[in-house]
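Dropping data17.pdb in here (PDB, C-alpha atoms, pLDDT in the B column):
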ATOM      1  CA  MET A   1      40.743  17.077 -67.456  1.00 70.00           C
ATOM      2  CA  VAL A   2      39.640  19.105 -70.441  1.00 72.00           C
ATOM      3  CA  TRP A   3      42.157  21.956 -69.940  1.00 68.00           C
ATOM      4  CA  GLU A   4      45.032  19.477 -70.389  1.00 76.00           C
ATOM      5  CA  VAL A   5      44.164  18.919 -74.061  1.00 80.00           C
ATOM      6  CA  TRP A   6      46.001  21.260 -76.408  1.00 81.00           C
ATOM      7  CA  TRP A   7      43.258  21.513 -79.021  1.00 88.00           C
ATOM      8  CA  VAL A   8      40.754  22.730 -76.418  1.00 91.00           C
ATOM      9  CA  TRP A   9      42.889  25.838 -75.878  1.00 90.00           C
ATOM     10  CA  ILE A  10      43.119  26.396 -79.630  1.00 93.00           C
ATOM     11  CA  ALA A  11      39.348  25.964 -80.025  1.00 94.00           C
ATOM     12  CA  PHE A  12      38.856  28.406 -77.127  1.00 93.00           C
ATOM     13  CA  GLY A  13      41.121  30.881 -78.936  1.00 94.00           C
ATOM     14  CA  MET A  14      39.135  30.483 -82.137  1.00 95.00           C
ATOM     15  CA  GLY A  15      35.914  31.103 -80.213  1.00 95.00           C
ATOM     16  CA  ILE A  16      37.350  34.296 -78.767  1.00 94.00           C
ATOM     17  CA  ALA A  17      38.487  35.319 -82.268  1.00 93.00           C
ATOM     18  CA  ILE A  18      34.912  34.886 -83.504  1.00 93.00           C
ATOM     19  CA  LEU A  19      33.747  37.014 -80.578  1.00 92.00           C
ATOM     20  CA  GLU A  20      36.236  39.664 -81.718  1.00 90.00           C
ATOM     21  CA  LEU A  21      34.435  39.854 -85.046  1.00 90.00           C
ATOM     22  CA  LEU A  22      31.275  40.905 -83.207  1.00 90.00           C
ATOM     23  CA  ALA A  23      32.960  43.499 -80.979  1.00 85.00           C
ATOM     24  CA  PRO A  24      34.540  46.689 -82.263  1.00 74.00           C
ATOM     25  CA  GLY A  25      38.056  47.809 -81.522  1.00 72.00           C
ATOM     26  CA  PHE A  26      40.473  44.906 -80.988  1.00 77.00           C
ATOM     27  CA  LEU A  27      39.106  43.964 -77.570  1.00 83.00           C
ATOM     28  CA  PHE A  28      39.648  40.212 -77.655  1.00 90.00           C
ATOM     29  CA  VAL A  29      42.523  39.704 -80.103  1.00 91.00           C
ATOM     30  CA  GLY A  30      45.150  39.452 -77.351  1.00 91.00           C
ATOM     31  CA  PHE A  31      43.091  36.862 -75.495  1.00 93.00           C
ATOM     32  CA  ALA A  32      42.520  34.845 -78.667  1.00 95.00           C
ATOM     33  CA  LEU A  33      46.206  34.822 -79.552  1.00 94.00           C
ATOM     34  CA  GLY A  34      47.105  33.997 -75.939  1.00 94.00           C
ATOM     35  CA  ALA A  35      44.773  30.988 -75.918  1.00 94.00           C
ATOM     36  CA  VAL A  36      46.109  29.718 -79.245  1.00 94.00           C
ATOM     37  CA  ALA A  37      49.697  30.211 -78.032  1.00 92.00           C
ATOM     38  CA  THR A  38      48.890  28.287 -74.837  1.00 90.00           C
ATOM     39  CA  GLY A  39      47.501  25.455 -76.953  1.00 89.00           C
ATOM     40  CA  LEU A  40      50.635  25.435 -79.075  1.00 89.00           C
ATOM     41  CA  VAL A  41      52.839  25.365 -75.961  1.00 85.00           C
ATOM     42  CA  LEU A  42      50.887  22.354 -74.693  1.00 84.00           C
ATOM     43  CA  TRP A  43      51.077  20.674 -78.096  1.00 84.00           C
ATOM     44  CA  ALA A  44      54.831  21.204 -78.436  1.00 81.00           C
ATOM     45  CA  ASP A  45      55.430  20.256 -74.767  1.00 76.00           C
ATOM     46  CA  LEU A  46      57.975  23.055 -74.398  1.00 69.00           C
ATOM     47  CA  TRP A  47      58.143  22.955 -70.613  1.00 64.00           C
ATOM     48  CA  PRO A  48      60.656  20.664 -68.881  1.00 64.00           C
ATOM     49  CA  ALA A  49      59.554  17.472 -67.098  1.00 57.00           C
ATOM     50  CA  GLY A  50      55.817  17.923 -67.619  1.00 65.00           C
ATOM     51  CA  TRP A  51      55.639  21.281 -65.829  1.00 65.00           C
ATOM     52  CA  MET A  52      52.286  22.033 -67.453  1.00 66.00           C
ATOM     53  CA  ASN A  53      50.705  18.596 -67.090  1.00 70.00           C
ATOM     54  CA  GLY A  54      47.421  18.624 -65.179  1.00 69.00           C
ATOM     55  CA  ASN A  55      47.856  21.980 -63.528  1.00 79.00           C
ATOM     56  CA  LEU A  56      45.127  24.509 -64.335  1.00 83.00           C
ATOM     57  CA  PRO A  57      46.724  27.447 -62.444  1.00 86.00           C
ATOM     58  CA  ARG A  58      49.890  27.083 -64.529  1.00 84.00           C
ATOM     59  CA  HIS A  59      47.847  26.909 -67.727  1.00 86.00           C
ATOM     60  CA  LEU A  60      46.020  30.082 -66.725  1.00 89.00           C
ATOM     61  CA  LEU A  61      49.322  31.757 -65.838  1.00 89.00           C
ATOM     62  CA  VAL A  62      50.735  30.979 -69.285  1.00 87.00           C
ATOM     63  CA  PHE A  63      47.464  32.107 -70.896  1.00 92.00           C
ATOM     64  CA  ALA A  64      47.532  35.414 -68.989  1.00 94.00           C
ATOM     65  CA  ALA A  65      51.210  36.061 -69.742  1.00 94.00           C
ATOM     66  CA  MET A  66      50.776  35.281 -73.440  1.00 93.00           C
ATOM     67  CA  SER A  67      47.629  37.429 -73.650  1.00 94.00           C
ATOM     68  CA  VAL A  68      49.338  40.440 -72.086  1.00 95.00           C
ATOM     69  CA  ALA A  69      52.391  39.985 -74.316  1.00 95.00           C
ATOM     70  CA  PHE A  70      50.276  39.805 -77.465  1.00 93.00           C
ATOM     71  CA  TRP A  71      48.157  42.762 -76.348  1.00 90.00           C
ATOM     72  CA  LEU A  72      51.284  44.878 -75.802  1.00 90.00           C
ATOM     73  CA  LEU A  73      52.708  43.846 -79.176  1.00 91.00           C
ATOM     74  CA  LEU A  74      49.454  44.670 -80.953  1.00 86.00           C
ATOM     75  CA  ARG A  75      49.182  47.965 -79.082  1.00 82.00           C
ATOM     76  CA  ALA A  76      52.701  48.908 -80.165  1.00 82.00           C
ATOM     77  CA  ALA A  77      52.047  47.891 -83.769  1.00 82.00           C
ATOM     78  CA  LEU A  78      48.480  49.129 -84.245  1.00 78.00           C
ATOM     79  CA  GLY A  79      47.962  51.631 -81.441  1.00 72.00           C
ATOM     80  CA  VAL A  80      47.546  55.377 -81.537  1.00 66.00           C
ATOM     81  CA  ARG A  81      50.090  57.076 -83.764  1.00 68.00           C
ATOM     82  CA  LYS A  82      52.444  59.618 -82.204  1.00 70.00           C
ATOM     83  CA  GLY A  83      51.070  63.107 -82.381  1.00 70.00           C
ATOM     84  CA  GLN A  84      47.543  61.915 -83.061  1.00 68.00           C
ATOM     85  CA  VAL A  85      45.012  63.553 -80.784  1.00 69.00           C
ATOM     86  CA  LYS A  86      41.293  64.010 -80.977  1.00 67.00           C
ATOM     87  CA  THR A  87      40.212  67.593 -81.427  1.00 72.00           C
ATOM     88  CA  PHE A  88      36.716  68.947 -81.417  1.00 72.00           C
ATOM     89  CA  ASP A  89      35.683  72.254 -82.948  1.00 75.00           C
ATOM     90  CA  ARG A  90      32.371  72.450 -81.155  1.00 76.00           C
ATOM     91  CA  ASP A  91      30.650  70.801 -78.270  1.00 76.00           C
ATOM     92  CA  ILE A  92      27.235  69.318 -78.992  1.00 77.00           C
ATOM     93  CA  ASN A  93      26.079  70.338 -75.507  1.00 79.00           C
ATOM     94  CA  GLU A  94      26.734  74.032 -76.096  1.00 74.00           C
ATOM     95  CA  ASP A  95      24.291  76.026 -78.228  1.00 63.00           C
TER      96      ASP A  95
END
Just give me the structure of the file as structure tokens.
Amino acid sequence: MVWEVWWVWIAFGMGIAILELLAPGFLFVGFALGAVATGLVLWADLWPAGWMNGNLPRHLLVFAAMSVAFWLLLRAALGVRKGQVKTFDRDINED
């Protein structure tokens, strides 16, 4: 099926990366990197004895795990700095 082809996952990741350009705030970067990483895992055939061959739930499991891992890494690298808080001097609802 189509999910068995490594370049489909990479193309899916590129499509999500393009979607990220239209959305503010790093919403889809983890998913895009997870899809590309899943495609690279399929391309390199890193799993023993064809563990990933023809099994969509395993592909989705790898995609989800990679997406969460990349999201956590990006959050740690680019997230809110320590001590940074939002403060407001006045409330727009109070006059």
Practice prompt. Would you write out, as a count of residues only, every residue that the PyMOL selection byres ((chain A and resi 33-43) around 10) captures in this file?
Written response: 40
Practice prompt. Measure the distance from CA of Glu20 in chain A to CA of Ala76 in chain A in Å and round it to one decimal.
Written response: 18.9 Å
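Here CA of Leu78 in chain A is placed at a distance of 19.1 Å from CA of Leu22 in chain A.
You will find CA of Val2 in chain A at 9.8 Å from CA of Leu56 in chain A.
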